[in-house]
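Undergrad: Dropping in target_29.txt, which is compact mmCIF, C-alpha atoms:
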# COMPACT_ATOMS: atom_id res chain seq x y z
CA MET A 11 0.00 0.00 0.00
CA ILE A 12 1.04 3.61 -0.41
CA SER A 13 2.64 5.47 2.47
CA GLU A 14 0.81 7.94 4.69
CA VAL A 15 2.80 10.77 3.12
CA GLN A 16 1.69 9.70 -0.36
CA PHE A 17 -1.90 9.37 0.83
CA GLN A 18 -1.95 12.85 2.35
CA ASP A 19 -0.46 14.25 -0.86
CA GLU A 20 -3.25 12.58 -2.84
CA LEU A 21 -5.85 14.24 -0.59
CA GLN A 22 -4.27 17.67 -1.03
CA GLN A 23 -4.28 17.21 -4.79
CA ILE A 24 -7.97 16.25 -4.71
CA ILE A 25 -8.81 19.42 -2.77
CA SER A 26 -6.71 21.64 -5.01
CA ASN A 27 -8.20 20.26 -8.20
CA ALA A 28 -11.77 20.30 -6.89
CA LEU A 29 -11.51 23.97 -5.93
CA ARG A 30 -9.83 24.81 -9.24
CA GLU A 31 -12.73 23.16 -11.03
CA ASP A 32 -15.48 24.71 -8.89
CA VAL A 33 -14.16 28.17 -8.00
CA GLY A 34 -11.89 28.98 -10.92
CA PRO A 35 -10.98 32.70 -10.91
CA GLY A 36 -13.53 33.48 -8.21
CA ASP A 37 -16.89 32.78 -6.58
CA TYR A 38 -18.57 35.71 -8.29
CA SER A 39 -21.99 34.98 -6.74
CA SER A 40 -20.60 35.57 -3.25
CA LEU A 41 -18.26 38.36 -4.27
CA ALA A 42 -21.16 40.18 -5.88
CA CYS A 43 -23.48 40.35 -2.88
CA ILE A 44 -21.59 39.48 0.32
CA PRO A 45 -19.16 41.99 1.93
CA ASN A 46 -15.57 40.84 2.32
CA LEU A 47 -15.71 41.18 6.10
CA ALA A 48 -19.09 39.46 6.56
CA ARG A 49 -19.05 36.53 8.96
CA GLY A 50 -21.54 33.70 9.26
CA LYS A 51 -22.43 30.31 10.74
CA THR A 52 -23.46 27.12 8.97
CA LYS A 53 -24.35 23.60 10.04
CA LEU A 54 -23.84 20.30 8.24
CA LEU A 55 -27.34 18.81 8.29
CA VAL A 56 -28.09 15.13 7.72
CA LYS A 57 -31.18 14.44 5.60
CA GLU A 58 -30.91 10.66 5.33
CA ASN A 59 -29.93 7.79 7.67
CA GLY A 60 -26.53 6.18 7.17
CA ILE A 61 -22.88 6.21 8.23
CA ILE A 62 -21.16 9.59 8.14
CA ALA A 63 -17.79 9.87 6.41
CA GLY A 64 -15.66 12.77 5.27
CA VAL A 65 -15.74 14.87 8.45
CA ALA A 66 -11.95 14.92 8.69
CA PHE A 67 -11.70 15.58 4.96
CA ALA A 68 -14.17 18.48 5.22
CA LYS A 69 -11.92 20.04 7.85
CA MET A 70 -9.00 19.75 5.43
CA ILE A 71 -11.05 21.52 2.75
CA PHE A 72 -12.09 24.35 5.06
CA GLU A 73 -8.48 24.70 6.25
CA TYR A 74 -7.27 24.85 2.65
CA VAL A 75 -9.80 27.58 1.77
CA ASP A 76 -9.41 29.65 4.95
CA SER A 77 -7.35 28.64 7.98
CA ASP A 78 -9.31 31.10 10.14
CA LEU A 79 -12.56 29.13 9.81
CA GLN A 80 -13.59 27.45 13.06
CA ILE A 81 -15.31 24.06 13.16
CA GLU A 82 -17.22 22.55 16.07
CA THR A 83 -17.71 18.81 15.54
CA PHE A 84 -20.54 16.79 17.10
CA ILE A 85 -20.37 13.51 15.14
CA GLN A 86 -17.16 11.81 14.05
CA ASP A 87 -16.35 9.76 10.95
CA GLY A 88 -17.77 6.23 11.02
CA MET A 89 -20.66 6.98 13.34
CA PRO A 90 -24.30 6.24 12.41
CA VAL A 91 -26.43 9.29 11.65
CA LYS A 92 -30.14 9.86 11.18
CA LYS A 93 -32.22 12.48 9.44
CA GLY A 94 -32.02 15.78 11.33
CA ASP A 95 -28.60 15.23 12.93
CA GLU A 96 -26.08 18.07 12.87
CA VAL A 97 -22.56 16.80 12.20
CA PHE A 98 -20.63 20.04 12.66
CA HIS A 99 -20.92 23.83 12.74
CA VAL A 100 -18.63 26.18 10.82
CA PHE A 101 -17.96 29.78 11.88
CA GLY A 102 -16.07 32.50 10.00
CA SER A 103 -15.91 34.36 6.72
CA SER A 104 -19.19 33.95 4.82
CA GLN A 105 -17.37 34.10 1.51
CA SER A 106 -14.95 31.36 2.56
CA ILE A 107 -17.72 29.07 3.78
CA LEU A 108 -19.58 29.43 0.49
CA LYS A 109 -16.41 28.85 -1.52
CA ALA A 110 -15.86 25.51 0.24
CA GLU A 111 -19.51 24.47 0.47
CA ARG A 112 -19.99 22.43 -2.71
CA VAL A 113 -16.65 20.64 -2.54
CA VAL A 114 -17.38 19.68 1.08
CA LEU A 115 -20.89 18.43 0.28
CA ASN A 116 -19.93 16.53 -2.88
CA SER A 117 -17.10 14.80 -1.03
CA MET A 118 -19.01 13.96 2.15
CA GLN A 119 -22.11 12.73 0.34
CA ARG A 120 -20.06 10.34 -1.77
CA MET A 121 -17.83 9.20 1.09
CA SER A 122 -20.80 8.66 3.41
CA ALA A 123 -22.57 6.55 0.79
CA ILE A 124 -19.49 4.34 0.43
CA ALA A 125 -19.03 4.03 4.19
CA THR A 126 -22.71 3.15 4.60
CA LYS A 127 -22.59 0.40 1.97
CA THR A 128 -19.30 -0.94 3.32
CA LYS A 129 -20.70 -1.08 6.87
CA PHE A 130 -23.67 -3.06 5.56
CA PHE A 131 -21.41 -5.56 3.79
CA VAL A 132 -19.25 -5.86 6.90
CA SER A 133 -22.37 -6.66 8.95
CA LEU A 134 -23.23 -9.48 6.53
CA LEU A 135 -19.81 -11.04 7.23
CA GLU A 136 -20.14 -10.88 11.01
CA GLY A 137 -19.09 -14.13 12.66
CA THR A 138 -16.85 -15.22 9.78
CA GLN A 139 -13.12 -14.69 9.31
CA THR A 140 -13.61 -13.05 5.90
CA LYS A 141 -12.80 -9.39 5.31
CA ILE A 142 -14.28 -7.11 2.65
CA LEU A 143 -11.96 -5.35 0.17
CA ASP A 144 -12.51 -2.49 -2.25
CA THR A 145 -11.13 -2.41 -5.83
CA ARG A 146 -9.74 0.11 -8.33
CA LYS A 147 -13.27 0.72 -9.65
CA THR A 148 -13.27 4.23 -8.27
CA THR A 149 -14.13 7.72 -9.51
CA PRO A 150 -11.14 9.15 -11.45
CA GLY A 151 -9.37 11.75 -9.33
CA PHE A 152 -11.23 10.85 -6.13
CA ARG A 153 -9.77 7.43 -5.32
CA ALA A 154 -8.00 8.36 -2.08
CA CYS A 155 -11.24 9.63 -0.55
CA GLU A 156 -13.27 6.65 -1.72
CA LYS A 157 -10.77 4.18 -0.29
CA TRP A 158 -10.66 6.23 2.91
CA ALA A 159 -14.45 5.91 3.11
CA VAL A 160 -14.20 2.11 2.79
CA LYS A 161 -11.88 2.08 5.81
CA ILE A 162 -14.26 4.34 7.73
CA GLY A 163 -17.06 1.86 6.98
CA GLY A 164 -15.02 -1.02 8.43
CA GLY A 165 -13.66 -2.50 5.21
CA GLU A 166 -10.08 -2.92 4.05
CA ASN A 167 -8.24 -1.47 1.09
CA HIS A 168 -6.99 -3.56 -1.80
CA ARG A 169 -4.00 -2.14 -3.70
CA PHE A 170 -4.22 1.62 -4.18
CA ALA A 171 -3.12 1.68 -7.80
CA LEU A 172 -1.08 -0.20 -10.39
CA TYR A 173 2.23 0.57 -8.70
CA ASP A 174 1.87 -0.70 -5.13
CA MET A 175 1.04 -4.37 -5.71
CA ILE A 176 1.39 -6.90 -8.51
CA MET A 177 -1.93 -8.32 -9.71
CA LEU A 178 -1.75 -10.79 -12.58
CA LYS A 179 -5.23 -11.05 -14.05
CA ASP A 180 -6.42 -13.23 -16.92
CA ASN A 181 -5.20 -10.86 -19.64
CA HIS A 182 -1.74 -10.56 -18.07
CA ASN A 183 -1.47 -14.34 -17.85
CA ASP A 184 -2.69 -14.90 -21.40
CA PHE A 185 -0.43 -12.20 -22.89
CA ALA A 186 2.56 -13.57 -20.95
CA GLY A 187 2.08 -17.10 -22.28
CA GLY A 188 0.31 -18.66 -19.31
CA ILE A 189 0.31 -18.46 -15.52
CA PRO A 190 3.69 -20.13 -14.81
CA LEU A 191 5.45 -17.82 -17.28
CA ALA A 192 3.64 -14.73 -15.99
CA ILE A 193 4.68 -15.48 -12.42
CA ALA A 194 8.27 -16.35 -13.35
CA LYS A 195 8.64 -13.15 -15.39
CA THR A 196 7.14 -11.12 -12.55
CA LYS A 197 9.55 -12.53 -9.97
CA ALA A 198 12.49 -11.77 -12.28
CA PHE A 199 11.22 -8.23 -12.90
CA LEU A 200 10.84 -7.51 -9.18
CA LYS A 201 14.32 -8.81 -8.45
CA GLU A 202 15.93 -6.88 -11.30
CA ASN A 203 14.26 -3.65 -10.25
CA ASN A 204 14.73 -4.16 -6.50
CA LEU A 205 10.99 -3.95 -5.86
CA ASP A 206 9.34 -5.50 -2.82
CA LEU A 207 5.74 -5.98 -3.95
CA LYS A 208 3.24 -8.69 -3.10
CA ILE A 209 1.90 -10.82 -5.95
CA ILE A 210 -1.76 -11.67 -6.45
CA VAL A 211 -2.74 -14.01 -9.28
CA GLU A 212 -6.21 -14.54 -10.71
CA ALA A 213 -7.49 -18.06 -11.34
CA ARG A 214 -10.45 -18.97 -13.56
CA ASN A 215 -10.66 -22.64 -12.57
CA LEU A 216 -9.14 -25.27 -10.28
CA GLU A 217 -6.48 -26.18 -12.85
CA GLU A 218 -5.19 -22.61 -12.76
CA VAL A 219 -5.30 -22.64 -8.96
CA GLN A 220 -2.95 -25.65 -9.03
CA GLU A 221 -0.64 -23.89 -11.50
CA ILE A 222 -0.38 -20.90 -9.16
CA ILE A 223 0.34 -23.10 -6.15
CA ASN A 224 3.05 -24.95 -8.07
CA SER A 225 4.76 -21.65 -8.96
CA GLU A 226 5.11 -20.62 -5.28
CA GLY A 227 5.85 -17.13 -3.98
CA VAL A 228 2.30 -15.87 -4.54
CA TYR A 229 0.73 -13.82 -1.74
CA ARG A 230 -2.93 -14.33 -2.64
CA ILE A 231 -5.00 -16.22 -5.21
CA LEU A 232 -8.01 -14.44 -6.64
CA LEU A 233 -10.85 -16.87 -7.31
CA ASP A 234 -12.69 -15.08 -10.08
CA ASN A 235 -16.37 -15.92 -10.67
CA PHE A 236 -16.13 -19.29 -8.91
CA ASP A 237 -19.40 -20.84 -7.72
CA PHE A 238 -19.78 -21.88 -4.07
CA GLU A 239 -18.78 -25.52 -4.50
CA THR A 240 -15.73 -24.73 -6.62
CA THR A 241 -14.70 -22.05 -4.13
CA LYS A 242 -14.79 -24.62 -1.30
CA LYS A 243 -12.65 -26.99 -3.36
CA ALA A 244 -10.18 -24.22 -4.16
CA VAL A 245 -9.87 -23.19 -0.51
CA ALA A 246 -9.20 -26.81 0.47
CA LEU A 247 -6.63 -27.16 -2.32
CA ILE A 248 -4.81 -23.97 -1.36
CA GLY A 249 -4.83 -24.63 2.39
CA SER A 250 -2.25 -22.45 4.12
CA LYS A 251 0.00 -22.05 1.07
CA CYS A 252 -1.31 -18.52 0.47
CA LEU A 253 -4.32 -16.31 1.10
CA THR A 254 -7.55 -16.50 -0.86
CA GLU A 255 -9.88 -13.88 -2.33
CA SER A 256 -13.29 -14.27 -3.97
CA SER A 257 -14.47 -11.77 -6.55
CA GLY A 258 -16.95 -11.40 -9.37
CA ASN A 259 -20.67 -10.59 -9.22
CA ILE A 260 -20.82 -10.94 -5.44
CA ASN A 261 -23.68 -9.02 -3.83
CA GLU A 262 -25.55 -8.79 -0.53
CA ASN A 263 -27.44 -11.99 -1.36
CA THR A 264 -24.34 -14.12 -1.99
CA ILE A 265 -21.54 -12.56 0.06
CA ARG A 266 -22.26 -14.61 3.19
CA ASN A 267 -22.21 -17.86 1.21
CA TYR A 268 -18.79 -17.04 -0.21
CA ALA A 269 -17.46 -16.14 3.23
CA GLU A 270 -18.66 -19.47 4.58
CA CYS A 271 -16.57 -21.19 1.90
CA GLY A 272 -13.57 -20.11 3.97
CA VAL A 273 -11.97 -17.40 1.81
CA ASN A 274 -9.84 -14.78 3.57
CA TYR A 275 -11.13 -11.86 1.51
CA ILE A 276 -14.00 -10.85 -0.70
CA SER A 277 -13.45 -7.91 -3.05
CA SER A 278 -16.36 -5.87 -4.32
CA GLY A 279 -16.33 -3.04 -6.83
CA ALA A 280 -19.89 -2.24 -5.78
CA LEU A 281 -18.58 -0.57 -2.62
CA THR A 282 -17.42 2.36 -4.74
CA HIS A 283 -19.07 2.16 -8.16
CA SER A 284 -22.68 1.44 -7.19
CA VAL A 285 -23.71 3.76 -4.38
CA HIS A 286 -26.37 6.42 -3.94
CA ASN A 287 -25.01 9.60 -2.36
CA LEU A 288 -26.15 10.25 1.21
CA ASP A 289 -28.26 13.41 1.32
CA LEU A 290 -26.51 16.18 3.26
CA SER A 291 -26.77 19.97 3.23
CA LEU A 292 -24.89 22.96 4.64
CA LYS A 293 -27.34 25.51 6.04
CA ALA A 294 -26.80 28.98 7.49
CA PHE A 295 -28.16 29.71 10.95
CA ASP A 296 -28.09 32.55 13.48
Represent the structure of the file as structure tokens.

TA:
Amino acid sequence: MISEVQFQDELQQIISNALREDVGPGDYSSLACIPNLARGKTKLLVKENGIIAGVAFAKMIFEYVDSDLQIETFIQDGMPVKKGDEVFHVFGSSQSILKAERVVLNSMQRMSAIATKTKFFVSLLEGTQTKILDTRKTTPGFRACEKWAVKIGGGENHRFALYDMIMLKDNHNDFAGGIPLAIAKTKAFLKENNLDLKIIVEARNLEEVQEIINSEGVYRILLDNFDFETTKKAVALIGSKCLTESSGNINENTIRNYAECGVNYISSGALTHSVHNLDLSLKAFD
């Protein structure tokens, strides 16, 4: 995974680009009718039940826009919220609050939706040893926040990008001339370039699972679109040789069944690509 320094840099880049996109040369609506020295108060109001996420990120946005803004927080990231709850209050320059408003809301609504869905999936796995993982099926330019939201919801992060873990999927294996060759070439590449990266290899059937086991040195085997019975057989075949991950068309109706097959992880793109934003608003008050 990426370092904390890299992660924080990603967050700063997201904020910078979002404000560039939204504010551009200036928030002319506010500049036109609100005095420069005007001060105001706003509250982050919850309009839908769920899990709140993005509180810490919102503080980073407000800090980026105006370090003099003051925030009083009542509900922290990862906590359940219901319609009518107030998550935080913001005090300070009215122009600054309005400049940050849309970026804060867009981010928190998306992050809260992801955290809410992740929390639900985690609850479906309760009592098993299986952990839920996200994927790279994220919104371009917003990945760090979406993966952060998965963690807030109780899930775990898969690789961050193409550079922090090796993942040999079916196309890699086919283009490389088969699984044994793909793994052998990967090991040689890592050694030649002095890279210490874990290797995950995708299997489409039990024969490929055996090929991966025979190659050794693999961190995790991805069981792609296996049915329940074949997953059980694969888990038994792999044993303690490496970790296991199920993926492919897994939803709330099937996730428990896959967990009970004994896999270590289940990865789901739906955590980030199929969510409905949690309804939030930022309202002025006296």

Undergrad: How many Å lie between atom CA of A:Leu143 and atom CA of A:Gly88, rounded to one decimal?

TA: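 Separation between atom CA of A:Leu143 and atom CA of A:Gly88: 16.9 Å.
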
Undergrad: When you count only C-alpha atoms, which of these residues is closest to A:Phe152: A:Asn215, A:Thr196, A:Ser40, A:Thr282?

TA: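 Closest residue, counting only C-alpha atoms: A:Thr282.
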
Undergrad: Give me, as a ChimeraX atom specification, all polymer residues having an atom no more than 12 Å from A:Gly249, counting all atoms listed in the file and skipping those fewer than 5 positions away in the same chain.

TA: /A:219-220,223,230-231,242-244,254,272-274

Undergrad: Can you list every residue of stretch 154-247 of chain A that has an atom at most 9 Å from stretch 113-130 of chain A, with its nearest atom pair and the distance in Å to one decimal, using only C-alpha atoms, ordered by chain then number, as CSV?

TA:
residue,atom,partner,partner_atom,distance
A:Cys155,CA,A:Met121,CA,6.8
A:Glu156,CA,A:Met121,CA,5.9
A:Lys157,CA,A:Ile124,CA,8.8
A:Trp158,CA,A:Met121,CA,8.0
A:Ala159,CA,A:Ala125,CA,5.1
A:Val160,CA,A:Ala125,CA,5.4
A:Lys161,CA,A:Ala125,CA,7.6
A:Ile162,CA,A:Ala125,CA,5.9
A:Gly163,CA,A:Ala125,CA,4.0
A:Gly164,CA,A:Lys129,CA,5.9
A:Gly165,CA,A:Thr128,CA,6.1

Undergrad: Choose the residue, out of A:Ala213, A:Lys53, A:Ile107, A:Leu281, that has the smallest atom-to-atom separation from A:Thr83; count all atoms listed in the file.

TA: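 Using all atoms listed in the file, the shortest distance to A:Thr83 belongs to A:Lys53.
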
Undergrad: Identify which of the residues A:Glu136, A:Thr52, A:Phe131, A:Leu41 lies closest to A:Glu96, counting all atoms listed in the file when measuring atom-to-atom distances.

TA: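 Going through A:Glu136, A:Thr52, A:Phe131, A:Leu41 one by one, the smallest distance to A:Glu96 is for A:Thr52.
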
Undergrad: Env of A:Phe295: 12 Å cut, atoms = only C-alpha atoms, seq-sep filter 3 positions within chain, self excluded. Answer as number ranges by chain.

TA: A: 49-55, 96, 99-101, 104, 292

Undergrad: Just to be explicit: take each residue in the selection above, keep C-alpha atoms, and write the result as a PDB file, in the frame of the given file.

TA:
ATOM      1  CA  ARG A  49     -19.050  36.530   8.960  1.00  0.00           C
ATOM      2  CA  GLY A  50     -21.540  33.700   9.260  1.00  0.00           C
ATOM      3  CA  LYS A  51     -22.430  30.310  10.740  1.00  0.00           C
ATOM      4  CA  THR A  52     -23.460  27.120   8.970  1.00  0.00           C
ATOM      5  CA  LYS A  53     -24.350  23.600  10.040  1.00  0.00           C
ATOM      6  CA  LEU A  54     -23.840  20.300   8.240  1.00  0.00           C
ATOM      7  CA  LEU A  55     -27.340  18.810   8.290  1.00  0.00           C
ATOM      8  CA  GLU A  96     -26.080  18.070  12.870  1.00  0.00           C
ATOM      9  CA  HIS A  99     -20.920  23.830  12.740  1.00  0.00           C
ATOM     10  CA  VAL A 100     -18.630  26.180  10.820  1.00  0.00           C
ATOM     11  CA  PHE A 101     -17.960  29.780  11.880  1.00  0.00           C
ATOM     12  CA  SER A 104     -19.190  33.950   4.820  1.00  0.00           C
ATOM     13  CA  LEU A 292     -24.890  22.960   4.640  1.00  0.00           C
TER      14      LEU A 292
END

Undergrad: I'd like to know which of A:Ala110, A:Leu288, A:Leu207, A:Ile61 is closest to A:Asp37, using only C-alpha atoms.

TA: A:Ala110

Undergrad: Suppose you want the space between atom CA of A:Gly151 and atom CA of A:Glu20; what is it in Å?

TA: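 Between atom CA of A:Gly151 and atom CA of A:Glu20 the gap is 9.0 Å.
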
Undergrad: May I ask you to restore all heavy atoms in stretch 37-48 of chain A and write the result as a PDB file, keeping the file's coordinate frame?

TA:
ATOM      1  N   ASP A  37     -15.473  33.050  -6.846  1.00  0.00           N
ATOM      2  CA  ASP A  37     -16.890  32.780  -6.580  1.00  0.00           C
ATOM      3  C   ASP A  37     -17.640  34.096  -6.745  1.00  0.00           C
ATOM      4  O   ASP A  37     -17.894  34.826  -5.792  1.00  0.00           O
ATOM      5  CB  ASP A  37     -17.043  32.235  -5.147  1.00  0.00           C
ATOM      6  CG  ASP A  37     -18.507  32.081  -4.735  1.00  0.00           C
ATOM      7  OD1 ASP A  37     -19.389  32.194  -5.607  1.00  0.00           O
ATOM      8  OD2 ASP A  37     -18.760  31.860  -3.535  1.00  0.00           O
ATOM      9  N   TYR A  38     -17.997  34.399  -7.991  1.00  0.00           N
ATOM     10  CA  TYR A  38     -18.570  35.710  -8.290  1.00  0.00           C
ATOM     11  C   TYR A  38     -19.944  35.915  -7.649  1.00  0.00           C
ATOM     12  O   TYR A  38     -20.328  37.062  -7.365  1.00  0.00           O
ATOM     13  CB  TYR A  38     -18.643  35.921  -9.796  1.00  0.00           C
ATOM     14  CG  TYR A  38     -17.289  35.985 -10.456  1.00  0.00           C
ATOM     15  CD1 TYR A  38     -17.070  35.404 -11.690  1.00  0.00           C
ATOM     16  CD2 TYR A  38     -16.220  36.639  -9.836  1.00  0.00           C
ATOM     17  CE1 TYR A  38     -15.822  35.460 -12.297  1.00  0.00           C
ATOM     18  CE2 TYR A  38     -14.975  36.711 -10.429  1.00  0.00           C
ATOM     19  CZ  TYR A  38     -14.774  36.115 -11.670  1.00  0.00           C
ATOM     20  OH  TYR A  38     -13.540  36.170 -12.272  1.00  0.00           O
ATOM     21  N   SER A  39     -20.688  34.841  -7.394  1.00  0.00           N
ATOM     22  CA  SER A  39     -21.990  34.980  -6.740  1.00  0.00           C
ATOM     23  C   SER A  39     -21.825  35.584  -5.348  1.00  0.00           C
ATOM     24  O   SER A  39     -22.547  36.505  -4.949  1.00  0.00           O
ATOM     25  CB  SER A  39     -22.681  33.620  -6.637  1.00  0.00           C
ATOM     26  OG  SER A  39     -22.858  33.050  -7.909  1.00  0.00           O
ATOM     27  N   SER A  40     -20.852  35.061  -4.602  1.00  0.00           N
ATOM     28  CA  SER A  40     -20.600  35.570  -3.250  1.00  0.00           C
ATOM     29  C   SER A  40     -19.941  36.935  -3.279  1.00  0.00           C
ATOM     30  O   SER A  40     -20.293  37.840  -2.506  1.00  0.00           O
ATOM     31  CB  SER A  40     -19.719  34.586  -2.472  1.00  0.00           C
ATOM     32  OG  SER A  40     -20.369  33.340  -2.323  1.00  0.00           O
ATOM     33  N   LEU A  41     -18.962  37.081  -4.176  1.00  0.00           N
ATOM     34  CA  LEU A  41     -18.260  38.360  -4.270  1.00  0.00           C
ATOM     35  C   LEU A  41     -19.203  39.496  -4.647  1.00  0.00           C
ATOM     36  O   LEU A  41     -19.003  40.643  -4.245  1.00  0.00           O
ATOM     37  CB  LEU A  41     -17.126  38.252  -5.293  1.00  0.00           C
ATOM     38  CG  LEU A  41     -15.948  37.341  -4.912  1.00  0.00           C
ATOM     39  CD1 LEU A  41     -15.024  37.150  -6.103  1.00  0.00           C
ATOM     40  CD2 LEU A  41     -15.184  37.917  -3.728  1.00  0.00           C
ATOM     41  N   ALA A  42     -20.248  39.159  -5.389  1.00  0.00           N
ATOM     42  CA  ALA A  42     -21.160  40.180  -5.880  1.00  0.00           C
ATOM     43  C   ALA A  42     -22.092  40.736  -4.805  1.00  0.00           C
ATOM     44  O   ALA A  42     -22.483  41.899  -4.860  1.00  0.00           O
ATOM     45  CB  ALA A  42     -21.994  39.624  -7.035  1.00  0.00           C
ATOM     46  N   CYS A  43     -22.439  39.906  -3.811  1.00  0.00           N
ATOM     47  CA  CYS A  43     -23.480  40.350  -2.880  1.00  0.00           C
ATOM     48  C   CYS A  43     -23.132  40.214  -1.403  1.00  0.00           C
ATOM     49  O   CYS A  43     -23.930  40.596  -0.541  1.00  0.00           O
ATOM     50  CB  CYS A  43     -24.789  39.616  -3.168  1.00  0.00           C
ATOM     51  SG  CYS A  43     -24.726  37.834  -2.868  1.00  0.00           S
ATOM     52  N   ILE A  44     -21.961  39.661  -1.080  1.00  0.00           N
ATOM     53  CA  ILE A  44     -21.590  39.480   0.320  1.00  0.00           C
ATOM     54  C   ILE A  44     -20.317  40.274   0.620  1.00  0.00           C
ATOM     55  O   ILE A  44     -19.289  40.064  -0.039  1.00  0.00           O
ATOM     56  CB  ILE A  44     -21.381  37.989   0.659  1.00  0.00           C
ATOM     57  CG1 ILE A  44     -22.685  37.217   0.441  1.00  0.00           C
ATOM     58  CG2 ILE A  44     -20.899  37.809   2.093  1.00  0.00           C
ATOM     59  CD1 ILE A  44     -22.560  35.733   0.591  1.00  0.00           C
ATOM     60  N   PRO A  45     -20.351  41.176   1.588  1.00  0.00           N
ATOM     61  CA  PRO A  45     -19.160  41.990   1.930  1.00  0.00           C
ATOM     62  C   PRO A  45     -17.971  41.122   2.326  1.00  0.00           C
ATOM     63  O   PRO A  45     -18.134  40.044   2.908  1.00  0.00           O
ATOM     64  CB  PRO A  45     -19.647  42.838   3.108  1.00  0.00           C
ATOM     65  CG  PRO A  45     -21.128  42.883   2.967  1.00  0.00           C
ATOM     66  CD  PRO A  45     -21.524  41.555   2.404  1.00  0.00           C
ATOM     67  N   ASN A  46     -16.788  41.595   2.012  1.00  0.00           N
ATOM     68  CA  ASN A  46     -15.570  40.840   2.320  1.00  0.00           C
ATOM     69  C   ASN A  46     -15.425  40.493   3.792  1.00  0.00           C
ATOM     70  O   ASN A  46     -14.902  39.433   4.147  1.00  0.00           O
ATOM     71  CB  ASN A  46     -14.337  41.636   1.871  1.00  0.00           C
ATOM     72  CG  ASN A  46     -14.225  41.723   0.362  1.00  0.00           C
ATOM     73  OD1 ASN A  46     -14.806  40.917  -0.355  1.00  0.00           O
ATOM     74  ND2 ASN A  46     -13.479  42.712  -0.123  1.00  0.00           N
ATOM     75  N   LEU A  47     -15.882  41.396   4.661  1.00  0.00           N
ATOM     76  CA  LEU A  47     -15.710  41.180   6.100  1.00  0.00           C
ATOM     77  C   LEU A  47     -16.889  40.488   6.757  1.00  0.00           C
ATOM     78  O   LEU A  47     -16.886  40.275   7.971  1.00  0.00           O
ATOM     79  CB  LEU A  47     -15.451  42.525   6.787  1.00  0.00           C
ATOM     80  CG  LEU A  47     -14.173  43.254   6.347  1.00  0.00           C
ATOM     81  CD1 LEU A  47     -14.047  44.588   7.108  1.00  0.00           C
ATOM     82  CD2 LEU A  47     -12.939  42.396   6.585  1.00  0.00           C
ATOM     83  N   ALA A  48     -17.908  40.109   5.979  1.00  0.00           N
ATOM     84  CA  ALA A  48     -19.090  39.460   6.560  1.00  0.00           C
ATOM     85  C   ALA A  48     -18.724  38.104   7.146  1.00  0.00           C
ATOM     86  O   ALA A  48     -17.937  37.350   6.578  1.00  0.00           O
ATOM     87  CB  ALA A  48     -20.163  39.294   5.485  1.00  0.00           C
TER      88      ALA A  48
END
